[in-house]
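> Before I ask anything, let me first share the structure, which is written out below as structure tokens.
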Amino acid sequence: MHEYSMMISPRRGRFGAFLCAFLMTVGVASAQKQSQKHMLWRVKGKTNTVYLLGSVHALPKTMYPLDSAIERAYTDAGKLVFELDLDSAQSPAAMQSMVASGMLTSGKSLKSSVSKSTYKLVQRKFREAGIDLAMFSGFKPWVVALMYSAVHMQTSGVEAEYGIDNYFAGKAKADSKSVIGLETVAFQIGIFDSMTDKAQEEFLKQSLSSDNNGDKAFTAITDAWKTGDTKALEKMLGNEIGDDEFNKKMVSTRNANWVPQIEGFLADKTNYMVVVGSLHLVGNNGVVELLKAKGYQVEQL
């Protein structure tokens with residue numbers, strides 16, 4: 001399961017159905033033991049608390065109910081923060097923007113944009129998945145990568161609908177809690193579209209091969225998430241990102257951009273719950289360590 005296979009997830013039209021697995025970096029069991037750690041941290045400000053929750057963006061329905069410690073953090077928060085506002089990501093405007101940015105121009109095709117060996121791999125993987133490759137022949141490799149990952153996740157029994165982000169976004173809407181996005185749809189599309197041709201092809205190949213031993217890998221990620229095993233998650237999810245250029249664009253740069261925003265939340269009097277992909281919270285360049293380096297008290301719950 002690719003950590004960044006679902007950053008933009010409009011849900012309208014046939015094309016949108018394929019996109020709907022990544023919006024934007026778990027579980028086949030239900031509640032965890034209270035003594036266990038979670039992918040949940042508490043950051044103390046002078047007048048409030050900010051909770052940081054690591055998300056997996058697409059999950060099986062059997063993930064729920066979540067542990068009570070996570071639900072308590074949600075209840076204690078007056079405002080919810082996601083990588084971006086999910087409603088904006090599912091709007092017709094977001095869909096149009098992604099299609100416009102993701103289409104090849106000047107008579108190019110997917111076949112002419114990648115090597116022969118990569119294109120043969122695309123043909124084989126799409127044929128095995130029962131996807132009509134002709135639908136995507138006019139799109140850039142990064143779009144095709146997201147499409148394949150989205151479809152593969154759906155056929156594996158995990159869905160964006162049951163991702164941590166969507167779950168808490170739905171609860172916030174039902175409870176009339178304010179929702180904030182750390183980024184815009186345009187910014188997230190720009191991350192992919194700014195990749196070099198070489199990086200796009202590498203991302204495509206990586207996405208096509210990410211289903212090798214998929215069930216085993218997903219179970220391992222599930223187990224690490226349920227027990228708050230940050231080292232294991234950092235290793236597994238980091239391996240999926242791979243390419244240094246992509247890792248910098250998708251993870252470390254965004255982490256650094258989010259920290260000042262989180263500091264702003266910590267200066268408020270209202271409690272916040274920040275829900276972002278789990279990979280963003282682990283490692284030396286993760287949000288947790290960046291906040292600690294600024295002198296904040298950060299405790300894993």
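Chain lettering (A, B, ...) mirrors the order of the structure tokens, residue numbering begins at 1 for each chain separately, and ligand numbering begins at 1 in order of display.
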Check the DSSP output for the backbone and give back, as an MDAnalysis selection string, the residues of stretch 26-235 of chain A in strand (DSSP E).

chainID A and resid 40:44 49:55 79:82 178:181

> Using only C-alpha atoms, tabulate the residues of stretch 113-203 of chain A lying at most 9 Å from any atom of stretch 266-285 of chain A, each with its closest atom pair and that distance in Å to one decimal, by chain and increasing residue number, as a tab-separated table.


```
residue	atom	partner	partner_atom	distance
A:Ile164	CA	A:Val275	CA	7.9
A:Asp165	CA	A:Val275	CA	6.6
A:Phe168	CA	A:Val275	CA	8.5
```

> Those residues you just picked out, can you put them in a file as an mmCIF file, in the first residue's frame with N, CA and C atoms?


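Output below, filename again_21.cif:
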```
data_model
loop_
_atom_site.group_PDB
_atom_site.id
_atom_site.type_symbol
_atom_site.label_atom_id
_atom_site.label_comp_id
_atom_site.auth_asym_id
_atom_site.auth_seq_id
_atom_site.Cartn_x
_atom_site.Cartn_y
_atom_site.Cartn_z
ATOM 1 N N ILE A 164 -8.548 6.950 8.310
ATOM 2 C CA ILE A 164 -8.657 7.740 9.534
ATOM 3 C C ILE A 164 -9.100 9.165 9.228
ATOM 4 N N ASP A 165 -8.580 9.725 8.141
ATOM 5 C CA ASP A 165 -8.940 11.097 7.769
ATOM 6 C C ASP A 165 -10.441 11.237 7.538
ATOM 7 N N PHE A 168 -12.679 10.819 10.788
ATOM 8 C CA PHE A 168 -12.765 11.966 11.684
ATOM 9 C C PHE A 168 -13.331 13.209 10.994
#
```

> For stretch 174-177 of chain A, work out the shell of residues within 8 Å, counting only C-alpha atoms and skipping chain neighbours fewer than 2 positions away, then give it as a list in words.

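Answer for this query is Gly78, Lys79, Leu80, Gly170, Lys171, Ala172 and Val179 of chain A.
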
> Please dump the current selection as a short mmCIF file (atom, residue, chain, number, x, y, z; two decimals), in the first residue's frame; keep C-alpha atoms.


```
data_model
loop_
_atom_site.label_atom_id
_atom_site.label_comp_id
_atom_site.auth_asym_id
_atom_site.auth_seq_id
_atom_site.Cartn_x
_atom_site.Cartn_y
_atom_site.Cartn_z
CA GLY A 78 -12.51 21.74 19.50
CA LYS A 79 -10.96 21.95 16.01
CA LEU A 80 -9.79 19.29 13.56
CA GLY A 170 -17.23 12.81 9.03
CA LYS A 171 -17.40 12.99 12.82
CA ALA A 172 -16.32 16.63 12.81
CA VAL A 179 -12.06 21.81 10.11
#
```

> Go through A:Met153, A:Met135, A:Leu182, A:Ala169 one by one, measure the shortest atom-to-atom distance of each to A:Pro60 using only C-alpha atoms, and give the residue with the smallest value.

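Once distances to A:Pro60 are computed over only C-alpha atoms, the minimum belongs to A:Met153.
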
> Rank A:Lys140, A:Ser55, A:Val251, A:Lys44 by their smallest atom-to-atom distance to A:Ser112, using only C-alpha atoms, and report the top residue only.

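The closest residue to A:Ser112 is A:Lys140.
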
> Could you pull out the alpha helix (DSSP H) residues of stretch 47-186 of chain A, going by DSSP on the backbone, and write them as number ranges by chain?

A: 68-76, 86-89, 92-102, 110-113, 116-129, 141-155, 164-174, 185-186

> Output C-alpha atoms for every residue in the selection just made, as an mmCIF file, in the first residue's frame.


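Writing done, so here's selection_3.cif:
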```
data_model
loop_
_atom_site.group_PDB
_atom_site.id
_atom_site.type_symbol
_atom_site.label_atom_id
_atom_site.label_comp_id
_atom_site.auth_asym_id
_atom_site.auth_seq_id
_atom_site.Cartn_x
_atom_site.Cartn_y
_atom_site.Cartn_z
ATOM 1 C CA SER A 68 -10.883 4.814 23.296
ATOM 2 C CA ALA A 69 -7.668 6.838 23.775
ATOM 3 C CA ILE A 70 -7.948 8.078 20.196
ATOM 4 C CA GLU A 71 -11.644 8.813 20.541
ATOM 5 C CA ARG A 72 -10.992 10.751 23.769
ATOM 6 C CA ALA A 73 -8.466 12.937 21.986
ATOM 7 C CA TYR A 74 -11.067 13.719 19.339
ATOM 8 C CA THR A 75 -13.676 14.555 21.984
ATOM 9 C CA ASP A 76 -11.215 16.859 23.751
ATOM 10 C CA LEU A 86 -11.460 16.842 2.429
ATOM 11 C CA ASP A 87 -14.583 18.606 1.160
ATOM 12 C CA SER A 88 -12.451 20.821 -1.073
ATOM 13 C CA ALA A 89 -10.573 17.768 -2.352
ATOM 14 C CA PRO A 92 -15.750 19.322 -9.001
ATOM 15 C CA ALA A 93 -13.150 22.113 -9.124
ATOM 16 C CA ALA A 94 -10.495 19.840 -7.590
ATOM 17 C CA MET A 95 -11.370 17.127 -10.090
ATOM 18 C CA GLN A 96 -11.067 19.530 -13.021
ATOM 19 C CA SER A 97 -7.776 20.887 -11.736
ATOM 20 C CA MET A 98 -6.237 17.440 -11.399
ATOM 21 C CA VAL A 99 -7.389 16.360 -14.856
ATOM 22 C CA ALA A 100 -6.060 19.557 -16.411
ATOM 23 C CA SER A 101 -2.688 19.274 -14.667
ATOM 24 C CA GLY A 102 -2.364 15.544 -15.249
ATOM 25 C CA LEU A 110 1.979 7.573 -21.677
ATOM 26 C CA LYS A 111 3.695 5.104 -23.997
ATOM 27 C CA SER A 112 6.036 7.766 -25.344
ATOM 28 C CA SER A 113 6.678 9.246 -21.882
ATOM 29 C CA LYS A 116 9.600 0.384 -23.148
ATOM 30 C CA SER A 117 10.175 -1.827 -20.126
ATOM 31 C CA THR A 118 8.110 0.427 -17.868
ATOM 32 C CA TYR A 119 5.285 0.580 -20.379
ATOM 33 C CA LYS A 120 5.234 -3.214 -20.668
ATOM 34 C CA LEU A 121 5.010 -3.374 -16.865
ATOM 35 C CA VAL A 122 2.093 -0.919 -16.949
ATOM 36 C CA GLN A 123 0.307 -3.003 -19.589
ATOM 37 C CA ARG A 124 0.741 -6.207 -17.595
ATOM 38 C CA LYS A 125 -0.306 -4.744 -14.247
ATOM 39 C CA PHE A 126 -3.368 -2.963 -15.661
ATOM 40 C CA ARG A 127 -4.401 -6.115 -17.546
ATOM 41 C CA GLU A 128 -4.094 -8.193 -14.373
ATOM 42 C CA ALA A 129 -6.129 -5.615 -12.450
ATOM 43 C CA PRO A 141 2.926 8.924 -15.272
ATOM 44 C CA TRP A 142 2.173 10.357 -11.800
ATOM 45 C CA VAL A 143 -1.570 10.281 -12.517
ATOM 46 C CA VAL A 144 -1.386 6.699 -13.768
ATOM 47 C CA ALA A 145 0.544 5.761 -10.618
ATOM 48 C CA LEU A 146 -2.189 7.188 -8.387
ATOM 49 C CA MET A 147 -4.914 5.516 -10.426
ATOM 50 C CA TYR A 148 -3.321 2.102 -10.165
ATOM 51 C CA SER A 149 -2.712 2.422 -6.430
ATOM 52 C CA ALA A 150 -6.299 3.533 -5.862
ATOM 53 C CA VAL A 151 -7.754 0.589 -7.759
ATOM 54 C CA HIS A 152 -5.383 -1.892 -6.132
ATOM 55 C CA MET A 153 -6.379 -0.722 -2.669
ATOM 56 C CA GLN A 154 -10.068 -1.088 -3.500
ATOM 57 C CA THR A 155 -9.580 -4.655 -4.749
ATOM 58 C CA ILE A 164 -8.657 7.740 9.534
ATOM 59 C CA ASP A 165 -8.940 11.097 7.769
ATOM 60 C CA ASN A 166 -12.380 10.455 6.351
ATOM 61 C CA TYR A 167 -13.610 8.924 9.585
ATOM 62 C CA PHE A 168 -12.765 11.966 11.684
ATOM 63 C CA ALA A 169 -13.783 14.421 8.973
ATOM 64 C CA GLY A 170 -17.232 12.812 9.030
ATOM 65 C CA LYS A 171 -17.401 12.985 12.817
ATOM 66 C CA ALA A 172 -16.319 16.631 12.813
ATOM 67 C CA LYS A 173 -19.011 17.505 10.303
ATOM 68 C CA ALA A 174 -21.683 15.680 12.312
ATOM 69 C CA VAL A 185 -5.547 21.024 -3.441
ATOM 70 C CA ALA A 186 -3.494 23.116 -5.865
#
```

> Atom CA of A:Leu133 to atom CA of A:Gln188: how many Å, to one decimal?

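Interatomic distance here is 24.5 Å.
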
> One decimal, in Å: what's the spacing between atom CA of A:Asp193 and atom CA of A:Gln261?

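So the two atoms, atom CA of A:Asp193 and atom CA of A:Gln261, lie 24.5 Å apart.
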